[in-house]
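Novice: The structure file input-v2.cif (mmCIF, C-alpha atoms and all ligand atoms) is provided below.
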```
data_protein
loop_
_atom_site.group_PDB
_atom_site.id
_atom_site.type_symbol
_atom_site.label_atom_id
_atom_site.label_comp_id
_atom_site.auth_asym_id
_atom_site.auth_seq_id
_atom_site.Cartn_x
_atom_site.Cartn_y
_atom_site.Cartn_z
ATOM 1 C CA MET A 14 23.213 -110.861 -53.159
ATOM 2 C CA ASP A 15 20.189 -113.114 -53.559
ATOM 3 C CA VAL A 16 17.041 -111.693 -55.112
ATOM 4 C CA ASP A 17 14.163 -114.000 -54.194
ATOM 5 C CA THR A 18 11.111 -111.832 -54.841
ATOM 6 C CA LEU A 19 9.692 -109.126 -57.085
ATOM 7 C CA SER A 20 9.861 -106.528 -54.317
ATOM 8 C CA GLY A 21 13.463 -107.546 -53.625
ATOM 9 C CA LEU A 22 14.236 -106.783 -57.243
ATOM 10 C CA THR A 23 12.303 -103.550 -57.640
ATOM 11 C CA ASP A 24 12.887 -102.050 -54.177
ATOM 12 C CA GLY A 25 15.940 -103.808 -52.705
ATOM 13 C CA VAL A 26 18.317 -104.015 -55.661
ATOM 14 C CA PRO A 27 18.382 -100.256 -56.420
ATOM 15 C CA VAL A 28 19.184 -99.604 -52.744
ATOM 16 C CA LEU A 29 22.010 -102.157 -52.811
ATOM 17 C CA LEU A 30 23.386 -100.666 -56.034
ATOM 18 C CA HIS A 31 23.487 -97.272 -54.385
ATOM 19 C CA ILE A 32 25.196 -98.580 -51.219
ATOM 20 C CA LEU A 33 27.820 -100.517 -53.210
ATOM 21 C CA ALA A 34 28.511 -97.739 -55.740
ATOM 22 C CA ALA A 35 29.118 -95.219 -52.960
ATOM 23 C CA ARG A 36 31.895 -97.502 -51.675
ATOM 24 C CA GLY A 37 33.345 -98.716 -54.969
ATOM 25 C CA ILE A 38 32.456 -102.342 -54.171
ATOM 26 C CA ARG A 39 31.594 -104.870 -56.867
ATOM 27 C CA ALA A 40 29.534 -107.903 -55.904
ATOM 28 C CA SER A 41 27.693 -110.912 -57.317
ATOM 29 C CA PHE A 42 23.907 -110.745 -57.735
ATOM 30 C CA PHE A 43 21.781 -113.851 -58.267
ATOM 31 C CA ALA A 44 18.139 -113.354 -59.236
ATOM 32 C CA ALA A 45 15.213 -115.776 -59.338
ATOM 33 C CA LEU A 46 13.424 -114.992 -62.615
ATOM 34 C CA GLY A 47 10.214 -117.036 -62.456
ATOM 35 C CA PRO A 48 6.937 -116.567 -60.597
ATOM 36 C CA ASP A 49 7.125 -114.897 -57.195
ATOM 37 C CA ASN A 50 5.430 -117.631 -55.166
ATOM 38 C CA SER A 51 6.662 -116.317 -51.828
ATOM 39 C CA GLY A 52 3.203 -116.799 -50.332
ATOM 40 C CA ARG A 53 3.515 -120.550 -50.731
ATOM 41 C CA ALA A 54 6.420 -120.444 -48.309
ATOM 42 C CA VAL A 55 3.824 -119.817 -45.622
ATOM 43 C CA PHE A 56 2.666 -123.397 -46.027
ATOM 44 C CA ARG A 57 6.068 -124.702 -45.024
ATOM 45 C CA VAL A 58 4.924 -124.114 -41.500
ATOM 46 C CA PHE A 59 2.951 -127.328 -41.789
ATOM 47 C CA ARG A 60 5.910 -129.347 -42.967
ATOM 48 C CA GLN A 61 9.099 -127.860 -41.604
ATOM 49 C CA GLN A 62 9.775 -127.663 -37.946
ATOM 50 C CA GLY A 63 11.014 -124.253 -36.919
ATOM 51 C CA PHE A 64 9.558 -122.260 -39.800
ATOM 52 C CA LEU A 65 6.784 -120.565 -37.833
ATOM 53 C CA ASP A 66 9.277 -119.723 -35.114
ATOM 54 C CA LYS A 67 11.485 -118.147 -37.679
ATOM 55 C CA MET A 68 8.705 -116.197 -39.326
ATOM 56 C CA LEU A 69 7.623 -114.782 -35.982
ATOM 57 C CA ARG A 70 11.163 -114.087 -34.867
ATOM 58 C CA ASN A 71 11.852 -112.143 -38.052
ATOM 59 C CA ARG A 72 8.434 -110.534 -38.174
ATOM 60 C CA ALA A 73 8.423 -111.666 -41.802
ATOM 61 C CA PRO A 74 5.239 -109.840 -42.828
ATOM 62 C CA SER A 75 6.666 -106.506 -41.740
ATOM 63 C CA ILE A 76 9.853 -107.212 -43.682
ATOM 64 C CA TYR A 77 8.447 -108.713 -46.854
ATOM 65 C CA GLY A 78 5.081 -106.952 -46.788
ATOM 66 C CA TRP A 79 1.730 -108.706 -46.832
ATOM 67 C CA ARG A 80 1.517 -108.555 -50.612
ATOM 68 C CA THR A 81 4.682 -110.628 -51.033
ATOM 69 C CA MET A 82 3.472 -113.027 -48.359
ATOM 70 C CA LEU A 83 0.318 -113.685 -50.358
ATOM 71 C CA TYR A 84 1.860 -114.056 -53.816
ATOM 72 C CA GLY A 85 1.136 -117.481 -55.223
ATOM 73 C CA THR A 86 -1.694 -118.056 -52.772
ATOM 74 C CA LEU A 87 -4.485 -115.472 -52.599
ATOM 75 C CA LEU A 88 -2.862 -113.149 -55.136
ATOM 76 C CA PRO A 89 -1.598 -114.495 -58.460
ATOM 77 C CA ALA A 90 2.157 -114.921 -58.613
ATOM 78 C CA PRO A 91 3.770 -112.143 -60.672
ATOM 79 C CA ARG A 92 6.737 -112.938 -62.919
ATOM 80 C CA ILE A 93 9.930 -111.502 -61.485
ATOM 81 C CA SER A 94 11.457 -111.385 -64.976
ATOM 82 C CA GLU A 95 8.907 -108.764 -66.056
ATOM 83 C CA ALA A 96 10.655 -106.156 -63.930
ATOM 84 C CA ALA A 97 14.114 -107.646 -64.388
ATOM 85 C CA GLY A 98 14.524 -106.198 -67.899
ATOM 86 C CA ASP A 99 14.727 -102.713 -66.402
ATOM 87 C CA ILE A 100 16.803 -103.496 -63.355
ATOM 88 C CA LEU A 101 19.266 -106.316 -64.047
ATOM 89 C CA PRO A 102 21.050 -104.481 -66.898
ATOM 90 C CA ARG A 103 21.757 -101.684 -64.399
ATOM 91 C CA VAL A 104 23.341 -104.258 -62.100
ATOM 92 C CA GLY A 105 25.618 -105.470 -64.898
ATOM 93 C CA ALA A 106 26.424 -101.938 -66.068
ATOM 94 C CA ALA A 107 27.566 -101.058 -62.544
ATOM 95 C CA GLY A 108 30.235 -103.756 -62.790
ATOM 96 C CA HIS A 109 28.523 -106.423 -60.710
ATOM 97 C CA GLU A 110 28.179 -110.045 -61.651
ATOM 98 C CA THR A 111 24.659 -111.111 -62.606
ATOM 99 C CA GLY A 112 23.725 -114.778 -62.302
ATOM 100 C CA LEU A 113 20.688 -116.926 -61.684
ATOM 101 C CA HIS A 114 18.992 -117.797 -58.416
ATOM 102 C CA GLY A 115 16.714 -120.351 -60.065
ATOM 103 C CA PHE A 116 13.367 -119.875 -61.772
ATOM 104 C CA ASP A 117 10.650 -120.726 -59.249
ATOM 105 C CA HIS A 118 12.484 -120.151 -55.954
ATOM 106 C CA VAL A 119 9.852 -121.839 -53.793
ATOM 107 C CA ARG A 120 9.551 -124.896 -56.026
ATOM 108 C CA TRP A 121 13.335 -125.445 -56.143
ATOM 109 C CA HIS A 122 13.681 -124.946 -52.413
ATOM 110 C CA ASP A 123 10.851 -127.308 -51.504
ATOM 111 C CA ARG A 124 11.073 -129.957 -54.185
ATOM 112 C CA LEU A 125 14.569 -130.177 -55.626
ATOM 113 C CA LEU A 126 15.509 -133.261 -53.627
ATOM 114 C CA ASN A 127 12.721 -135.183 -55.379
ATOM 115 C CA MET A 128 12.999 -133.645 -58.848
ATOM 116 C CA SER A 129 14.026 -135.724 -61.844
ATOM 117 C CA ARG A 130 16.855 -134.566 -64.059
ATOM 118 C CA GLU A 131 14.255 -133.468 -66.605
ATOM 119 C CA GLU A 132 12.320 -131.389 -64.069
ATOM 120 C CA VAL A 133 15.502 -129.683 -62.850
ATOM 121 C CA ASN A 134 16.511 -129.070 -66.432
ATOM 122 C CA GLN A 135 13.220 -127.346 -67.070
ATOM 123 C CA GLU A 136 13.702 -124.998 -64.099
ATOM 124 C CA ILE A 137 17.165 -124.074 -65.319
ATOM 125 C CA GLN A 138 16.165 -123.694 -68.965
ATOM 126 C CA GLN A 139 13.237 -121.412 -68.089
ATOM 127 C CA ALA A 140 15.556 -119.258 -65.992
ATOM 128 C CA GLN A 141 18.184 -119.260 -68.737
ATOM 129 C CA SER A 142 15.719 -118.166 -71.404
ATOM 130 C CA ALA A 143 14.434 -115.326 -69.188
ATOM 131 C CA PHE A 144 18.043 -114.289 -68.538
ATOM 132 C CA ALA A 145 18.980 -114.490 -72.228
ATOM 133 C CA SER A 146 15.982 -112.372 -73.214
ATOM 134 C CA ILE A 147 17.362 -109.629 -70.960
ATOM 135 C CA PHE A 148 21.098 -109.903 -71.641
ATOM 136 C CA GLY A 149 21.231 -111.609 -75.042
ATOM 137 C CA THR A 150 23.398 -114.413 -73.625
ATOM 138 C CA PRO A 151 22.734 -117.122 -71.034
ATOM 139 C CA ALA A 152 23.977 -116.826 -67.453
ATOM 140 C CA THR A 153 27.292 -118.447 -66.488
ATOM 141 C CA SER A 154 26.698 -118.613 -62.745
ATOM 142 C CA PHE A 155 23.999 -119.998 -60.495
ATOM 143 C CA ALA A 156 23.217 -119.895 -56.787
ATOM 144 C CA ALA A 157 20.714 -122.548 -55.717
ATOM 145 C CA PRO A 158 17.541 -121.377 -53.948
ATOM 146 C CA GLY A 159 17.678 -122.446 -50.308
ATOM 147 C CA TRP A 160 21.139 -124.041 -50.818
ATOM 148 C CA GLN A 161 19.584 -127.174 -52.282
ATOM 149 C CA ALA A 162 21.788 -129.232 -54.607
ATOM 150 C CA THR A 163 21.542 -132.749 -55.984
ATOM 151 C CA ARG A 164 23.400 -134.806 -58.537
ATOM 152 C CA ASN A 165 20.569 -134.001 -60.983
ATOM 153 C CA SER A 166 20.889 -130.254 -60.409
ATOM 154 C CA ARG A 167 24.673 -130.300 -60.760
ATOM 155 C CA GLU A 168 24.512 -132.298 -63.985
ATOM 156 C CA ALA A 169 21.906 -129.926 -65.405
ATOM 157 C CA LEU A 170 23.903 -126.827 -64.391
ATOM 158 C CA ALA A 171 27.087 -128.175 -65.974
ATOM 159 C CA ALA A 172 25.135 -128.959 -69.171
ATOM 160 C CA ALA A 173 23.686 -125.412 -69.125
ATOM 161 C CA GLY A 174 27.190 -123.994 -69.481
ATOM 162 C CA MET A 175 27.799 -122.629 -65.992
ATOM 163 C CA LEU A 176 31.334 -121.596 -65.064
ATOM 164 C CA TYR A 177 30.673 -122.395 -61.416
ATOM 165 C CA ALA A 178 27.781 -122.582 -58.962
ATOM 166 C CA SER A 179 27.234 -121.466 -55.380
ATOM 167 C CA ASP A 180 24.733 -124.052 -54.211
ATOM 168 C CA THR A 181 25.888 -125.162 -50.780
ATOM 169 C CA ARG A 182 27.072 -124.128 -47.335
ATOM 170 C CA GLY A 183 30.686 -124.928 -46.630
ATOM 171 C CA SER A 184 34.170 -123.670 -45.905
ATOM 172 C CA GLN A 185 36.061 -123.440 -49.216
ATOM 173 C CA PRO A 186 35.674 -124.007 -52.983
ATOM 174 C CA PHE A 187 35.415 -127.670 -53.950
ATOM 175 C CA SER A 188 34.192 -130.269 -56.424
ATOM 176 C CA PRO A 189 31.020 -131.698 -54.863
ATOM 177 C CA ARG A 190 30.661 -135.455 -54.576
ATOM 178 C CA PHE A 191 27.228 -137.086 -54.582
ATOM 179 C CA GLY A 192 27.769 -140.736 -53.701
ATOM 180 C CA PRO A 193 30.314 -142.099 -56.153
ATOM 181 C CA TRP A 194 29.797 -139.235 -58.617
ATOM 182 C CA THR A 195 31.892 -136.043 -58.539
ATOM 183 C CA SER A 196 30.465 -132.892 -60.144
ATOM 184 C CA PRO A 197 32.814 -131.394 -62.734
ATOM 185 C CA LEU A 198 31.304 -127.981 -61.963
ATOM 186 C CA LEU A 199 33.263 -125.867 -59.455
ATOM 187 C CA GLU A 200 31.312 -125.117 -56.269
ATOM 188 C CA ILE A 201 31.940 -121.927 -54.292
ATOM 189 C CA PRO A 202 29.901 -122.364 -51.099
ATOM 190 C CA THR A 203 28.454 -119.711 -48.824
ATOM 191 C CA THR A 204 30.803 -119.792 -45.842
ATOM 192 C CA LEU A 205 29.132 -117.375 -43.399
ATOM 193 C CA PRO A 206 25.762 -117.384 -41.617
ATOM 194 C CA THR A 207 23.020 -115.125 -43.006
ATOM 195 C CA LEU A 208 21.182 -112.293 -41.287
ATOM 196 C CA ASP A 209 17.800 -114.015 -41.418
ATOM 197 C CA GLU A 210 19.274 -117.080 -39.695
ATOM 198 C CA LEU A 211 20.859 -115.358 -36.726
ATOM 199 C CA LEU A 212 18.584 -112.352 -36.173
ATOM 200 C CA GLY A 213 16.707 -112.925 -32.936
ATOM 201 C CA LEU A 214 18.497 -116.214 -32.242
ATOM 202 C CA ASN A 215 19.736 -116.082 -28.642
ATOM 203 C CA GLY A 216 18.991 -112.355 -28.634
ATOM 204 C CA CYS A 217 21.185 -111.599 -31.681
ATOM 205 C CA THR A 218 20.595 -108.054 -32.960
ATOM 206 C CA VAL A 219 21.446 -106.771 -36.421
ATOM 207 C CA ASP A 220 24.525 -105.041 -34.966
ATOM 208 C CA ASP A 221 25.615 -108.268 -33.247
ATOM 209 C CA PHE A 222 25.234 -110.067 -36.551
ATOM 210 C CA PHE A 223 27.443 -107.693 -38.530
ATOM 211 C CA ALA A 224 30.013 -107.588 -35.698
ATOM 212 C CA LEU A 225 30.213 -111.387 -35.893
ATOM 213 C CA ILE A 226 30.629 -111.324 -39.684
ATOM 214 C CA LEU A 227 33.340 -108.666 -39.438
ATOM 215 C CA SER A 228 35.245 -110.773 -36.902
ATOM 216 C CA ARG A 229 35.092 -113.730 -39.278
ATOM 217 C CA LEU A 230 36.351 -111.580 -42.176
ATOM 218 C CA GLU A 231 39.282 -110.363 -40.101
ATOM 219 C CA SER A 232 40.598 -113.937 -39.960
ATOM 220 C CA GLY A 233 41.973 -113.266 -43.458
ATOM 221 C CA SER A 234 40.776 -116.327 -45.381
ATOM 222 C CA PRO A 235 38.310 -115.609 -48.221
ATOM 223 C CA GLN A 236 34.678 -115.784 -47.126
ATOM 224 C CA VAL A 237 31.374 -115.812 -48.990
ATOM 225 C CA LEU A 238 28.503 -113.893 -47.395
ATOM 226 C CA THR A 239 24.981 -114.288 -48.790
ATOM 227 C CA LEU A 240 22.765 -111.209 -48.484
ATOM 228 C CA HIS A 241 19.119 -110.803 -49.444
ATOM 229 C CA ALA A 242 17.906 -107.836 -51.460
ATOM 230 C CA GLU A 243 14.723 -107.999 -49.354
ATOM 231 C CA LEU A 244 16.650 -107.537 -46.082
ATOM 232 C CA GLU A 245 20.026 -105.799 -46.509
ATOM 233 C CA GLY A 246 18.464 -103.754 -49.344
ATOM 234 C CA GLY A 247 15.351 -103.142 -47.195
ATOM 235 C CA PRO A 248 14.855 -102.609 -43.461
ATOM 236 C CA PHE A 249 18.510 -103.386 -42.640
ATOM 237 C CA LYS A 250 20.120 -101.177 -45.287
ATOM 238 C CA ASP A 251 21.671 -98.709 -42.853
ATOM 239 C CA ALA A 252 23.226 -101.462 -40.753
ATOM 240 C CA PHE A 253 24.562 -103.065 -43.919
ATOM 241 C CA ALA A 254 26.074 -99.796 -45.160
ATOM 242 C CA GLY A 255 27.703 -99.237 -41.763
ATOM 243 C CA PHE A 256 29.091 -102.766 -41.849
ATOM 244 C CA LEU A 257 30.676 -102.132 -45.266
ATOM 245 C CA ASP A 258 32.260 -98.930 -43.951
ATOM 246 C CA ARG A 259 33.806 -100.849 -41.056
ATOM 247 C CA CYS A 260 35.033 -103.538 -43.464
ATOM 248 C CA LEU A 261 36.736 -100.946 -45.663
ATOM 249 C CA ALA A 262 38.242 -99.206 -42.639
ATOM 250 C CA THR A 263 39.810 -102.459 -41.459
ATOM 251 C CA GLY A 264 41.230 -103.353 -44.865
ATOM 252 C CA VAL A 265 38.722 -106.042 -45.930
ATOM 253 C CA THR A 266 38.672 -106.355 -49.731
ATOM 254 C CA PHE A 267 35.747 -107.541 -51.846
ATOM 255 C CA PHE A 268 35.582 -109.716 -54.932
ATOM 256 C CA ARG A 269 33.003 -111.037 -57.352
ATOM 257 C CA LEU A 270 32.570 -114.794 -57.244
ATOM 258 C CA GLU A 271 33.093 -115.114 -61.003
ATOM 259 C CA ASP A 272 36.549 -113.526 -60.708
ATOM 260 C CA TRP A 273 37.492 -115.928 -57.932
ATOM 261 C CA ALA A 274 36.129 -118.838 -59.993
ATOM 262 C CA ARG A 275 38.311 -117.884 -62.975
ATOM 263 C CA GLU A 276 41.376 -117.768 -60.707
ATOM 264 C CA LEU A 277 40.579 -121.152 -59.160
ATOM 265 C CA LEU A 278 39.914 -122.758 -62.540
ATOM 266 C CA LYS A 279 43.428 -121.886 -63.701
ATOM 267 C CA ARG A 280 44.599 -124.665 -61.372
ATOM 268 C CA PRO A 281 41.784 -127.243 -61.385
ATOM 269 C CA GLN A 282 44.088 -129.898 -59.926
ATOM 270 C CA ASP A 283 44.205 -127.861 -56.691
ATOM 271 C CA ILE A 284 40.420 -127.897 -56.206
ATOM 272 C CA PRO A 285 39.612 -130.551 -53.587
ATOM 273 C CA ALA A 286 36.658 -132.903 -53.887
ATOM 274 C CA ALA A 287 34.318 -133.214 -50.915
ATOM 275 C CA PRO A 288 31.016 -134.998 -50.297
ATOM 276 C CA VAL A 289 27.717 -133.105 -50.048
ATOM 277 C CA PHE A 290 25.164 -134.035 -47.407
ATOM 278 C CA GLN A 291 21.818 -132.601 -46.249
ATOM 279 C CA GLY A 292 22.305 -131.016 -42.849
ATOM 280 C CA ARG A 293 20.987 -128.268 -40.632
ATOM 281 C CA VAL A 294 22.505 -124.864 -39.998
ATOM 282 C CA PRO A 295 21.652 -122.821 -36.882
ATOM 283 C CA GLY A 296 18.558 -120.649 -37.303
ATOM 284 C CA ARG A 297 17.428 -122.099 -40.635
ATOM 285 C CA ALA A 298 14.347 -124.275 -41.046
ATOM 286 C CA GLY A 299 14.814 -127.630 -42.752
ATOM 287 C CA THR A 300 18.073 -128.856 -44.186
ATOM 288 C CA VAL A 301 20.551 -127.423 -46.670
ATOM 289 C CA SER A 302 23.196 -129.050 -48.874
ATOM 290 C CA ARG A 303 26.458 -128.894 -46.966
ATOM 291 C CA GLN A 304 30.109 -129.505 -47.773
ATOM 292 C CA GLY A 305 31.448 -132.523 -45.896
ATOM 293 C CA ARG A 306 35.053 -133.153 -45.025
ATOM 294 C CA ALA A 307 37.238 -134.003 -48.010
ATOM 295 C CA GLU A 308 38.242 -137.336 -46.530
ATOM 296 C CA ASP A 309 34.644 -138.423 -45.826
ATOM 297 C CA ARG A 310 33.227 -140.990 -48.205
ATOM 298 C CA SER A 311 29.521 -140.526 -48.657
HETATM 299 ZN ZN ZN B 401 16.915 -117.215 -52.123
#
```
Let me see whether you can do it: turn the structure in this file into structure tokens.
Ligand SMILES: [Zn+2]
Specialist:
Amino acid sequence: MDVDTLSGLTDGVPVLLHILAARGIRASFFAALGPDNSGRAVFRVFRQQGFLDKMLRNRAPSIYGWRTMLYGTLLPAPRISEAAGDILPRVGAAGHETGLHGFDHVRWHDRLLNMSREEVNQEIQQAQSAFASIFGTPATSFAAPGWQATRNSREALAAAGMLYASDTRGSQPFSPRFGPWTSPLLEIPTTLPTLDELLGLNGCTVDDFFALILSRLESGSPQVLTLHAELEGGPFKDAFAGFLDRCLATGVTFFRLEDWARELLKRPQDIPAAPVFQGRVPGRAGTVSRQGRAEDRS
């Protein structure tokens, strides 16, 4: 569950907690804790092919609300962490994992590829101190905004004491290779497409989307699905709840990423290394960090 915005935290997370509790499901939540600069995302239209298409296809203003769309532009950016002190402890108390989804989501998403190690470090340290002021201890898991990962980000995350990260799109857990360097930090990639990517693409409806995800889950191998508090905890909450009911009825089981990470780290020699490259995924503007094939040398 990614929480990108203040409204995702204050409105979406309580809805998700309710949906999950009613079904006895525990999940992993990752929250951005810095300024909500969502409005700046609007300016990607000038730089990233496909973004305007996507905004129109998703009717983004009606989903996120005009206020969120303007944060960081015409309205000052509020700090997500200001509301997090009330809400994130409830997430933890309900048995879910709570980790970081960066500090300034927009900045990480747009600029990570060009950030120095020191700049990345600063993003992570600011997020860690906001997290520690809520929980008393730093976070041990991280999911990169916009699935953007670099050698600098992986080095900084390992130094920040993370158990694992979920920074990329891929097929199975791995040790990410950036050129000749292999990250010592376990990577658990998102393996399934997201609702915002496929909705409206080739006529895909929300029901089509969840039917597709269910068919992928029925294959039996573990999968990682990324949800957004702003979407599955917002206008698509009923479809999401119905999807979970169908999952439970067909015997799908759920796990928190941190529990899977601890299992995997008992046998580190079995974790394959694979290169990371910047590539496109259907329905998403720009590129994301993707898991390459283990035998590829990047
Ligand atoms: Zn995000």
Novice: Which residue gives the smallest distance to ligand ZN 401 (chain B) among A:Ser234, A:Ser94, A:Asn215, A:Thr207, with only C-alpha atoms and all ligand atoms counted?
Specialist: A:Thr207
Novice: Using only C-alpha atoms, which residue out of A:Trp273, A:Trp121, A:Phe256, A:Phe249 lies closest to Leu230 of chain A?
Specialist: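 Counting only C-alpha atoms, the residue closest to Leu230 of chain A is A:Phe256.
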Novice: Assuming the chain letters and numbering stay as they are in my file, what does the PyMOL selection byres (((chain A and resi 220) around 10) and not hetatm) actually select? List them as a ChimeraX atom specification.
Specialist: /A:212,217-219,221-226,249,252-253,255-256
Novice: Here's the selection I'm unsure about, the PyMOL selection byres (((chain A and resi 46) around 6) and not hetatm); applied to the file above, which residues does it give, as a ChimeraX atom specification?
Specialist: /A:45,47,93-94,116,140
Novice: Output the residue selection produced by the PyMOL selection byres (((not hetatm)) within 12 of (chain B and resi 401)) on the file above, formatted as number ranges by chain.
Specialist: A: 14-19, 21-22, 42-46, 49-51, 54, 113-123, 155-161, 179-180, 207, 209, 239-244
Novice: So how many Å separate atom CA of Ala145 of chain A and atom CA of Pro102 of chain A, to one decimal?
Specialist: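 A separation of 11.5 Å between them.
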Novice: Between A:Val28, A:Leu257, A:Leu170, A:Leu125, which one has atoms that come closest to Ile100 of chain A, using only C-alpha atoms?
Specialist: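 Between A:Val28, A:Leu257, A:Leu170, A:Leu125, the residue approaching Ile100 of chain A most closely is A:Val28.
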Novice: Show which residues sit within 8 Å of Ala169 of chain A, as a ChimeraX atom specification. Count only C-alpha atoms, and ignore same-chain residues fewer than 4 positions away.
Specialist: /A:130,133-134,137,165,173
Novice: Which residue is closest to Ala307 of chain A? Choose from A:Pro281, A:Gly105, A:Gly183, A:Gly98 and count all atoms listed in the file.
Specialist: A:Gly183
Novice: Which protein, DNA or RNA residues have an atom at most 12 Å from (22.7, -106.8, -67.0), counting all atoms listed in the file? List them as a PyMOL selection string.
Specialist: chain A and resi 41-44+97-113+144-152
Novice: Kindly add all heavy atoms to the incomplete segment 157-163 of chain A and provide the output as a CSV table (one decimal), in the coordinates of the input.
Specialist:
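Result went into part.csv, see below:
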```csv
chain,number,residue,atom,x,y,z
A,157,ALA,N,21.9,-121.8,-55.9
A,157,ALA,CA,20.7,-122.5,-55.7
A,157,ALA,C,19.8,-121.9,-54.7
A,157,ALA,O,20.3,-121.6,-53.6
A,157,ALA,CB,21.1,-124.0,-55.3
A,158,PRO,N,18.5,-121.8,-55.0
A,158,PRO,CA,17.5,-121.4,-53.9
A,158,PRO,C,17.6,-122.3,-52.7
A,158,PRO,O,17.6,-123.5,-52.9
A,158,PRO,CB,16.2,-121.5,-54.7
A,158,PRO,CG,16.5,-121.3,-56.1
A,158,PRO,CD,17.9,-122.0,-56.3
A,159,GLY,N,17.7,-121.7,-51.6
A,159,GLY,CA,17.7,-122.4,-50.3
A,159,GLY,C,18.9,-123.4,-50.1
A,159,GLY,O,18.8,-124.3,-49.3
A,160,TRP,N,20.0,-123.2,-50.9
A,160,TRP,CA,21.1,-124.0,-50.8
A,160,TRP,C,20.7,-125.5,-51.0
A,160,TRP,O,21.1,-126.4,-50.1
A,160,TRP,CB,21.9,-123.8,-49.5
A,160,TRP,CG,22.4,-122.4,-49.4
A,160,TRP,CD1,23.6,-121.9,-50.0
A,160,TRP,CD2,21.9,-121.3,-48.7
A,160,TRP,NE1,23.7,-120.6,-49.7
A,160,TRP,CE2,22.7,-120.2,-48.9
A,160,TRP,CE3,20.7,-121.2,-47.9
A,160,TRP,CZ2,22.4,-119.0,-48.3
A,160,TRP,CZ3,20.4,-120.0,-47.3
A,160,TRP,CH2,21.3,-118.9,-47.5
A,161,GLN,N,20.0,-125.8,-52.0
A,161,GLN,CA,19.6,-127.2,-52.3
A,161,GLN,C,20.3,-127.7,-53.6
A,161,GLN,O,20.1,-127.1,-54.6
A,161,GLN,CB,18.1,-127.3,-52.5
A,161,GLN,CG,17.3,-126.8,-51.3
A,161,GLN,CD,17.4,-127.7,-50.0
A,161,GLN,OE1,17.6,-128.9,-50.1
A,161,GLN,NE2,17.5,-127.0,-48.9
A,162,ALA,N,21.1,-128.7,-53.4
A,162,ALA,CA,21.8,-129.2,-54.6
A,162,ALA,C,21.7,-130.8,-54.6
A,162,ALA,O,21.7,-131.4,-53.6
A,162,ALA,CB,23.3,-128.8,-54.6
A,163,THR,N,21.6,-131.3,-55.8
A,163,THR,CA,21.5,-132.7,-56.0
A,163,THR,C,22.4,-133.1,-57.2
A,163,THR,O,22.9,-132.2,-57.9
A,163,THR,CB,20.1,-133.2,-56.3
A,163,THR,OG1,19.7,-132.6,-57.5
A,163,THR,CG2,19.1,-132.9,-55.2
```
